[in-house]
Amino acid sequence: MNAKLLPFYAIAMSSLVAVAAASDWLQFGGPTRNFAVPRNSDAPIENVKSWRANIAGGDASIVVCGERLFVSAIDFASDGTDAHRIACFDRLIGTPIWEKVFAENSFVSQDISDRFPVRPLSTPTIVGDRIIACGFGGSVRCLDRKTGELLWHIDLVKEYGSSPIQYGYACSPWSDGKQIVVACGGDIALMVSLSLKDGSLIWKCGSGLASYTSPLLLQISSKGIQEKSQHLVYAGGDELIGVDPNSGKILWSYVYEKRGLTNAVTPIVVADNKVLVGGQGVSGSRLLSIESVPEGFRVKEVWHNSKASPFYCNWIQLPVTSQCVLGFIGKTLTLMNWTSGEIIWQKRDWTDCNLLSLDSQVLAVRGDGFVGLLNVDEKGLELVAGDDSVNDRIWAPPTIVDRQIYLLGRSRMVCLPLIQLRKMKSIPNGTEVTSMDAMYGSRPERIQKLIDLAKGDSEFPVAEYMSAVSDRSVEIGEGDYNAIFQNLLNHNNPKAALEIALDWTQGSPYSIPAWERYVNLLRKSGREKEADDQISERMVQVTVEMTPPLIEPMPKQIFISGNVATLGPWKPDGLELKPNGSGIYTATFLAPRGDFQFKFTCGSFETVEVRTDGRSISNRRQRLSGPITLSTDVQAWKK
């Protein structure tokens, strides 16, 4: 590094100079939408306290206005369907002030799994006395910031034909104080501008696939013209576009090498006229220069680096030199010269890292919740201070207001005062499992070890199992748990199996397979009355009403298959539906309260339901809380 470290207290104090005093964090990326904390040395440090609040599910950042913070989280409506929760908390002590739960679209084309359910990904935006929040199914809601009262609601799917994105809508709204601009996607509009007052349409532009990125402003300087023009830049799934924010006119576009890929990161405006864009569709990263020409604007590619492909996590411009950007690429934290595209260095141990620029330093939040304060330059990085107590999967950039770090994880929300980061010189070991690996099922070494131990003849280390499942940085799913459970039973260890079955059932109260395994083991252990009491308390009646696709000839038989014992579980011909004479097929059965997953078939998984274009769908999902009638339809059958 450039110089020896100062004593930690001095370092901490110098870091705090970079943090805004009573500054609001009203939108994705902070005050200037570039993940840079405003400089202000007047922020008070008295009475800074840490707190934690349990709030399930969220991959969006927190926004702050005054002494209140706002979060967007997953929930379920009263009828058990997917819902979007928007909540307000006291940011100083973490107590809830108000919360609103809204039914939200959830499409079978979106991946829904135990490991990665559809969840809110879009960071809300605060504009004056209003907060704008986008749900994972394409709903845009405007609420009164103080009370949570719903002022207006627009369904992008119904109003503008928005195409649902695989893991949920993620674009964070942009506003100039009068309009709200959001990504839409589909044949009607790639982006739409809505009136802040009532949600009415101001303009729409383009068409094509939306992505997980958010729009931002780019300043364009032109020769001989003193005033700079502003372009609203959006990286869709097919192309990057620059739009006049006043009219919606597309001023220029850049078509990607690989179209149809949503997993890009929000671009970085590195200088006037220059934008850095990266992701799978971009096939790495590219620096684009937007030049003013007589006929309008021209996009020039300055360089392309196919080896530098960011993936979901954010990038920042390095605070100590504006010619470098820092971001997570592959499994490394990477420093790159944005003027040339040259990779300067790459460091491991920062899996799924999101970043904030703190003037002369960088705040980094690793995917397992480790928070580090770093000195970074062209020679490398040096860890100054950190905190490893968060212990949660975090996949969203942090928020800082008045020297307090706010983090939203999968299971909790945390307030961590910057001054409480303790002095560190080496980063603690962390998971090498990225969020993408965890999503698609890569198994952590710690869990694999427990699975192997469950096969042995020696006593199973139940305490080690309890430690692993309580560590929220370790991804463990139903399949992992079931492998441990079955190995214990296969090797005649019912006592340990019952112990972890009870723990998993208590820790996953909505998991139907976990509960059914526990009840079956109670019965096998001779505890019949306990098993009967569990069944009596939890079973509810479910009626399914399904409208099949209008095709000829109609299937001879139609079945429902699902994750409950009364349907197999997951037998392709679990329970036959019968026609009721009006084109609807019905069936009634008992199922436990919890997260019910199901599909329709014509008797086998070779004839399971699919989308109209023939592509597979994810499992349908419904949270059962009481007797219910489910009405739905099938698009097509697999051929």
# chains A, B, ... in the order shown; residues from 1 in each chain; ligands from 1
>>> residues_around(residues="Ala60 in chain A", least_positions_apart="2", cutoff="6 Å", atoms="only C-alpha atoms", output="PyMOL selection string")
chain A and resi 58+121-123+396
>>> residues_around(residues="range 541-555 of chain A", least_positions_apart="6", cutoff="8 Å", atoms="only C-alpha atoms", output="ChimeraX atom specification")
/A:583-591,602,626-636
>>> select_by_dssp(residues="range 336-384 of chain A", states="strand (DSSP E or B)", output="MDAnalysis selection string")
chainID A and resid 336:337 343:347 354:358 361:365 371:377 380:384
>>> residues_around(residues="range 32-34 of chain A", least_positions_apart="3", cutoff="12 Å", atoms="only C-alpha atoms", output="MDAnalysis selection string")
chainID A and resid 23:29 37:38 63 123 125 172:175 214:218 266:271 314:319 325 355:358 397 399
>>> write_last_selection(atoms="N, CA and C atoms", output="compact mmCIF listing (two decimals), in the first residue's frame")
# COMPACT_ATOMS: atom_id res chain seq x y z
N SER A 23 -27.77 12.58 6.14
CA SER A 23 -28.09 12.56 4.72
C SER A 23 -29.06 11.45 4.43
N ASP A 24 -29.97 11.70 3.50
CA ASP A 24 -30.92 10.67 3.11
C ASP A 24 -30.33 9.77 2.03
N TRP A 25 -30.81 8.55 2.01
CA TRP A 25 -30.40 7.57 1.00
C TRP A 25 -31.69 7.14 0.32
N LEU A 26 -32.11 7.91 -0.67
CA LEU A 26 -33.48 7.84 -1.17
C LEU A 26 -33.68 6.88 -2.32
N GLN A 27 -32.60 6.29 -2.84
CA GLN A 27 -32.76 5.49 -4.06
C GLN A 27 -31.63 4.47 -4.18
N PHE A 28 -31.77 3.58 -5.13
CA PHE A 28 -30.76 2.59 -5.45
C PHE A 28 -29.44 3.30 -5.76
N GLY A 29 -28.38 2.92 -5.04
CA GLY A 29 -27.08 3.53 -5.28
C GLY A 29 -26.82 4.78 -4.48
N VAL A 37 -20.65 7.54 -0.99
CA VAL A 37 -21.20 8.20 0.18
C VAL A 37 -20.79 9.67 0.17
N PRO A 38 -21.71 10.60 0.36
CA PRO A 38 -21.37 12.03 0.35
C PRO A 38 -20.35 12.38 1.43
N VAL A 63 -33.64 1.85 1.82
CA VAL A 63 -33.63 3.29 1.58
C VAL A 63 -33.99 4.00 2.89
N THR A 123 -35.01 -2.15 -5.32
CA THR A 123 -34.88 -1.16 -4.24
C THR A 123 -35.92 -0.05 -4.44
N THR A 125 -37.79 3.69 -4.23
CA THR A 125 -37.31 5.06 -4.43
C THR A 125 -38.24 6.01 -3.68
N SER A 172 -35.04 -0.71 -10.18
CA SER A 172 -35.36 0.30 -9.17
C SER A 172 -35.76 1.60 -9.87
N PRO A 173 -36.87 2.21 -9.47
CA PRO A 173 -37.40 3.37 -10.19
C PRO A 173 -36.43 4.56 -10.19
N TRP A 174 -36.44 5.30 -11.29
CA TRP A 174 -35.71 6.57 -11.40
C TRP A 174 -36.75 7.68 -11.45
N SER A 175 -36.43 8.82 -10.83
CA SER A 175 -37.38 9.93 -10.83
C SER A 175 -36.66 11.27 -10.90
N SER A 214 -31.04 -1.10 -13.47
CA SER A 214 -31.85 0.09 -13.22
C SER A 214 -31.33 1.25 -14.07
N PRO A 215 -32.22 2.18 -14.46
CA PRO A 215 -31.78 3.32 -15.28
C PRO A 215 -30.99 4.34 -14.47
N LEU A 216 -30.11 5.08 -15.17
CA LEU A 216 -29.34 6.15 -14.55
C LEU A 216 -29.03 7.21 -15.60
N LEU A 217 -28.65 8.41 -15.12
CA LEU A 217 -28.41 9.53 -16.03
C LEU A 217 -26.97 9.58 -16.52
N LEU A 218 -26.82 9.91 -17.79
CA LEU A 218 -25.52 10.12 -18.41
C LEU A 218 -25.48 11.54 -18.96
N THR A 266 -26.02 -3.07 -13.36
CA THR A 266 -26.31 -1.70 -13.76
C THR A 266 -25.03 -1.02 -14.23
N PRO A 267 -25.05 -0.38 -15.41
CA PRO A 267 -23.83 0.24 -15.95
C PRO A 267 -23.27 1.31 -15.00
N ILE A 268 -22.05 1.71 -15.27
CA ILE A 268 -21.41 2.79 -14.51
C ILE A 268 -21.13 3.94 -15.47
N VAL A 269 -21.58 5.12 -15.09
CA VAL A 269 -21.19 6.33 -15.82
C VAL A 269 -19.84 6.76 -15.24
N VAL A 270 -18.76 6.51 -15.99
CA VAL A 270 -17.42 6.77 -15.48
C VAL A 270 -16.95 8.19 -15.78
N ALA A 271 -17.57 8.85 -16.76
CA ALA A 271 -17.22 10.23 -17.12
C ALA A 271 -18.29 10.73 -18.08
N ASN A 314 -22.64 -5.14 -7.66
CA ASN A 314 -22.40 -3.81 -8.23
C ASN A 314 -20.92 -3.52 -8.45
N TRP A 315 -20.63 -2.48 -9.24
CA TRP A 315 -19.29 -1.94 -9.44
C TRP A 315 -19.26 -0.55 -8.84
N ILE A 316 -18.07 -0.10 -8.46
CA ILE A 316 -17.89 1.30 -8.06
C ILE A 316 -16.64 1.84 -8.72
N GLN A 317 -16.60 3.17 -8.84
CA GLN A 317 -15.39 3.84 -9.29
C GLN A 317 -14.47 3.99 -8.08
N LEU A 318 -13.23 3.59 -8.22
CA LEU A 318 -12.32 3.59 -7.08
C LEU A 318 -12.13 5.00 -6.55
N PRO A 319 -12.30 5.21 -5.25
CA PRO A 319 -12.23 6.58 -4.71
C PRO A 319 -10.86 7.23 -4.83
N VAL A 325 -12.07 1.00 -11.70
CA VAL A 325 -13.33 0.53 -11.15
C VAL A 325 -13.07 -0.78 -10.43
N LEU A 355 -20.33 -3.22 -2.95
CA LEU A 355 -19.38 -2.20 -2.53
C LEU A 355 -20.00 -0.83 -2.38
N LEU A 356 -19.37 0.00 -1.51
CA LEU A 356 -19.65 1.43 -1.42
C LEU A 356 -18.31 2.17 -1.41
N SER A 357 -18.30 3.33 -2.04
CA SER A 357 -17.12 4.19 -2.03
C SER A 357 -17.20 5.17 -0.87
N LEU A 358 -16.17 5.15 -0.01
CA LEU A 358 -16.12 6.04 1.16
C LEU A 358 -14.97 7.03 1.00
N PRO A 397 -26.35 -4.25 -2.21
CA PRO A 397 -25.39 -3.26 -1.69
C PRO A 397 -25.86 -2.67 -0.37
N THR A 399 -26.31 0.25 2.69
CA THR A 399 -26.71 1.65 2.77
C THR A 399 -26.01 2.27 3.98
>>> closest_residue(among="A:Gly281, A:Gly148, A:Gly94, A:Pro31", to="Ser50 in chain A", atoms="only C-alpha atoms")
A:Gly94
>>> select_by_dssp(residues="range 381-584 of chain A", states="helix (DSSP H, G or I)", output="VMD selection string")
chain A and resid 418 to 420 435 to 440 445 to 453 462 to 470 478 to 490 494 to 507 512 to 524 528 to 538 565 to 567
>>> residues_around(residues="Leu196 in chain A", least_positions_apart="5", cutoff="6 Å", atoms="only C-alpha atoms", output="number ranges by chain")
A: 178-180
>>> write_last_selection(atoms="C-alpha atoms", output="PDB file, in the first residue's frame")
ATOM      1  CA  LYS A 178     -42.358  14.617 -11.460  1.00  0.00           C
ATOM      2  CA  GLN A 179     -42.171  11.289 -13.246  1.00  0.00           C
ATOM      3  CA  ILE A 180     -41.269   7.718 -12.346  1.00  0.00           C
TER       4      ILE A 180
END
>>> residues_around(residues="Glu67 in chain A", least_positions_apart="5", cutoff="9 Å", atoms="only C-alpha atoms", output="ChimeraX atom specification")
/A:22,89-92
>>> write_last_selection(atoms="N, CA, C and O atoms", output="tab-separated table (two decimals), in the first residue's frame")
chain	number	residue	atom	x	y	z
A	22	ALA	N	-26.66	13.15	8.59
A	22	ALA	CA	-28.13	13.18	8.46
A	22	ALA	C	-28.55	13.21	6.99
A	22	ALA	O	-29.54	13.81	6.63
A	89	PHE	N	-39.44	1.31	9.19
A	89	PHE	CA	-38.87	1.09	10.52
A	89	PHE	C	-38.23	2.38	11.04
A	89	PHE	O	-37.84	3.25	10.26
A	90	ASP	N	-38.13	2.47	12.35
A	90	ASP	CA	-37.32	3.51	12.97
A	90	ASP	C	-35.86	3.11	12.77
A	90	ASP	O	-35.42	2.08	13.27
A	91	ARG	N	-35.11	3.91	12.05
A	91	ARG	CA	-33.75	3.51	11.70
A	91	ARG	C	-32.78	3.58	12.88
A	91	ARG	O	-31.70	3.00	12.82
A	92	LEU	N	-33.15	4.28	13.94
A	92	LEU	CA	-32.25	4.41	15.09
A	92	LEU	C	-32.33	3.20	16.03
A	92	LEU	O	-31.33	2.83	16.65
>>> closest_residue(among="A:Trp504, A:Tyr160, A:Phe35, A:Phe559", to="Leu201 in chain A", atoms="only C-alpha atoms")
A:Tyr160
>>> residues_around(residues="Arg393 in chain A", least_positions_apart="6", cutoff="6 Å", atoms="only C-alpha atoms", output="PDB file with N, CA, C and O atoms, in the first residue's frame")
ATOM      1  N   GLY A 367     -20.866 -11.965   0.369  1.00  0.00           N
ATOM      2  CA  GLY A 367     -22.147 -12.647   0.267  1.00  0.00           C
ATOM      3  C   GLY A 367     -22.588 -13.362   1.520  1.00  0.00           C
ATOM      4  O   GLY A 367     -23.778 -13.609   1.716  1.00  0.00           O
ATOM      5  N   ASP A 368     -21.643 -13.719   2.412  1.00  0.00           N
ATOM      6  CA  ASP A 368     -22.013 -14.383   3.657  1.00  0.00           C
ATOM      7  C   ASP A 368     -22.227 -13.403   4.799  1.00  0.00           C
ATOM      8  O   ASP A 368     -22.424 -13.793   5.944  1.00  0.00           O
ATOM      9  N   GLY A 369     -22.197 -12.088   4.499  1.00  0.00           N
ATOM     10  CA  GLY A 369     -22.477 -11.070   5.501  1.00  0.00           C
ATOM     11  C   GLY A 369     -21.258 -10.427   6.127  1.00  0.00           C
ATOM     12  O   GLY A 369     -21.406  -9.494   6.921  1.00  0.00           O
ATOM     13  N   GLY A 409     -30.611  -8.800   4.623  1.00  0.00           N
ATOM     14  CA  GLY A 409     -30.262 -10.143   4.219  1.00  0.00           C
ATOM     15  C   GLY A 409     -31.488 -10.979   3.919  1.00  0.00           C
ATOM     16  O   GLY A 409     -32.597 -10.476   3.801  1.00  0.00           O
ATOM     17  N   ARG A 410     -31.268 -12.285   3.812  1.00  0.00           N
ATOM     18  CA  ARG A 410     -32.377 -13.191   3.521  1.00  0.00           C
ATOM     19  C   ARG A 410     -33.252 -13.430   4.752  1.00  0.00           C
ATOM     20  O   ARG A 410     -34.396 -13.844   4.622  1.00  0.00           O
ATOM     21  N   SER A 473     -24.734 -18.139   6.769  1.00  0.00           N
ATOM     22  CA  SER A 473     -23.880 -18.023   5.589  1.00  0.00           C
ATOM     23  C   SER A 473     -23.735 -19.360   4.884  1.00  0.00           C
ATOM     24  O   SER A 473     -23.197 -19.438   3.787  1.00  0.00           O
TER      25      SER A 473
END
>>> closest_residue(among="A:Val384, A:Ile558, A:Ile512, A:Ala501", to="Leu488 in chain A", atoms="only C-alpha atoms")
A:Ala501
>>> closest_residue(among="A:Ile560, A:Cys142, A:Met191, A:Leu287", to="Thr607 in chain A", atoms="only C-alpha atoms")
A:Ile560
>>> residues_around(residues="Ile535 in chain A", least_positions_apart="4", cutoff="12 Å", atoms="only C-alpha atoms", output="mmCIF file with N, CA, C and O atoms, in the first residue's frame")
data_model
loop_
_atom_site.group_PDB
_atom_site.id
_atom_site.type_symbol
_atom_site.label_atom_id
_atom_site.label_comp_id
_atom_site.auth_asym_id
_atom_site.auth_seq_id
_atom_site.Cartn_x
_atom_site.Cartn_y
_atom_site.Cartn_z
ATOM 1 N N ILE A 512 -43.603 -28.555 4.200
ATOM 2 C CA ILE A 512 -44.467 -29.735 4.322
ATOM 3 C C ILE A 512 -43.653 -31.028 4.354
ATOM 4 O O ILE A 512 -43.904 -31.897 5.194
ATOM 5 N N TRP A 515 -42.157 -31.579 7.828
ATOM 6 C CA TRP A 515 -43.164 -31.945 8.825
ATOM 7 C C TRP A 515 -43.616 -33.392 8.627
ATOM 8 O O TRP A 515 -43.756 -34.148 9.589
ATOM 9 N N GLU A 516 -43.832 -33.807 7.379
ATOM 10 C CA GLU A 516 -44.284 -35.173 7.127
ATOM 11 C C GLU A 516 -43.230 -36.193 7.536
ATOM 12 O O GLU A 516 -43.552 -37.262 8.069
ATOM 13 N N TYR A 518 -41.082 -35.794 9.941
ATOM 14 C CA TYR A 518 -41.090 -35.798 11.404
ATOM 15 C C TYR A 518 -42.254 -36.627 11.941
ATOM 16 O O TYR A 518 -42.084 -37.456 12.851
ATOM 17 N N VAL A 519 -43.436 -36.464 11.376
ATOM 18 C CA VAL A 519 -44.610 -37.203 11.834
ATOM 19 C C VAL A 519 -44.426 -38.701 11.578
ATOM 20 O O VAL A 519 -44.753 -39.539 12.438
ATOM 21 N N ASN A 520 -43.915 -39.056 10.415
ATOM 22 C CA ASN A 520 -43.696 -40.478 10.116
ATOM 23 C C ASN A 520 -42.703 -41.103 11.097
ATOM 24 O O ASN A 520 -42.868 -42.256 11.518
ATOM 25 N N LEU A 522 -42.119 -40.054 14.178
ATOM 26 C CA LEU A 522 -42.809 -40.178 15.462
ATOM 27 C C LEU A 522 -43.584 -41.494 15.517
ATOM 28 O O LEU A 522 -43.538 -42.234 16.508
ATOM 29 N N ARG A 523 -44.295 -41.790 14.432
ATOM 30 C CA ARG A 523 -45.098 -43.007 14.390
ATOM 31 C C ARG A 523 -44.218 -44.261 14.458
ATOM 32 O O ARG A 523 -44.523 -45.219 15.167
ATOM 33 N N GLU A 528 -47.468 -42.758 18.688
ATOM 34 C CA GLU A 528 -48.629 -42.651 17.820
ATOM 35 C C GLU A 528 -49.504 -41.450 18.160
ATOM 36 O O GLU A 528 -49.976 -40.740 17.275
ATOM 37 N N LYS A 529 -49.746 -41.223 19.457
ATOM 38 C CA LYS A 529 -50.642 -40.131 19.841
ATOM 39 C C LYS A 529 -50.080 -38.778 19.408
ATOM 40 O O LYS A 529 -50.810 -37.913 18.911
ATOM 41 N N GLU A 530 -48.760 -38.580 19.582
ATOM 42 C CA GLU A 530 -48.149 -37.317 19.145
ATOM 43 C C GLU A 530 -48.313 -37.127 17.647
ATOM 44 O O GLU A 530 -48.605 -36.020 17.173
ATOM 45 N N ALA A 531 -48.136 -38.201 16.904
ATOM 46 C CA ALA A 531 -48.291 -38.120 15.452
ATOM 47 C C ALA A 531 -49.731 -37.790 15.080
ATOM 48 O O ALA A 531 -49.991 -36.931 14.217
ATOM 49 N N MET A 539 -53.821 -30.642 9.206
ATOM 50 C CA MET A 539 -54.417 -30.949 7.910
ATOM 51 C C MET A 539 -55.575 -30.022 7.569
ATOM 52 O O MET A 539 -56.393 -29.678 8.431
ATOM 53 N N VAL A 540 -55.647 -29.595 6.302
ATOM 54 C CA VAL A 540 -56.735 -28.749 5.811
ATOM 55 C C VAL A 540 -57.237 -29.315 4.483
ATOM 56 O O VAL A 540 -56.544 -30.077 3.811
ATOM 57 N N ALA A 565 -48.010 -35.963 1.014
ATOM 58 C CA ALA A 565 -48.137 -37.417 1.034
ATOM 59 C C ALA A 565 -49.398 -37.893 0.334
ATOM 60 O O ALA A 565 -49.415 -38.957 -0.300
ATOM 61 N N LEU A 590 -56.801 -33.701 1.256
ATOM 62 C CA LEU A 590 -56.267 -33.101 2.470
ATOM 63 C C LEU A 590 -54.771 -32.881 2.309
ATOM 64 O O LEU A 590 -54.065 -33.702 1.726
ATOM 65 N N ALA A 591 -54.300 -31.767 2.868
ATOM 66 C CA ALA A 591 -52.871 -31.443 2.827
ATOM 67 C C ALA A 591 -52.509 -30.680 4.093
ATOM 68 O O ALA A 591 -53.362 -30.015 4.690
ATOM 69 N N PRO A 592 -51.260 -30.778 4.525
ATOM 70 C CA PRO A 592 -50.848 -30.038 5.720
ATOM 71 C C PRO A 592 -50.718 -28.542 5.434
ATOM 72 O O PRO A 592 -50.430 -28.129 4.299
ATOM 73 N N ARG A 593 -50.929 -27.730 6.444
ATOM 74 C CA ARG A 593 -50.622 -26.312 6.321
ATOM 75 C C ARG A 593 -49.135 -26.152 5.987
ATOM 76 O O ARG A 593 -48.292 -26.863 6.525
#
>>> atom_distance(atom1="CA of Gly206 in chain A", atom2="CA of Arg611 in chain A")
25.4 Å
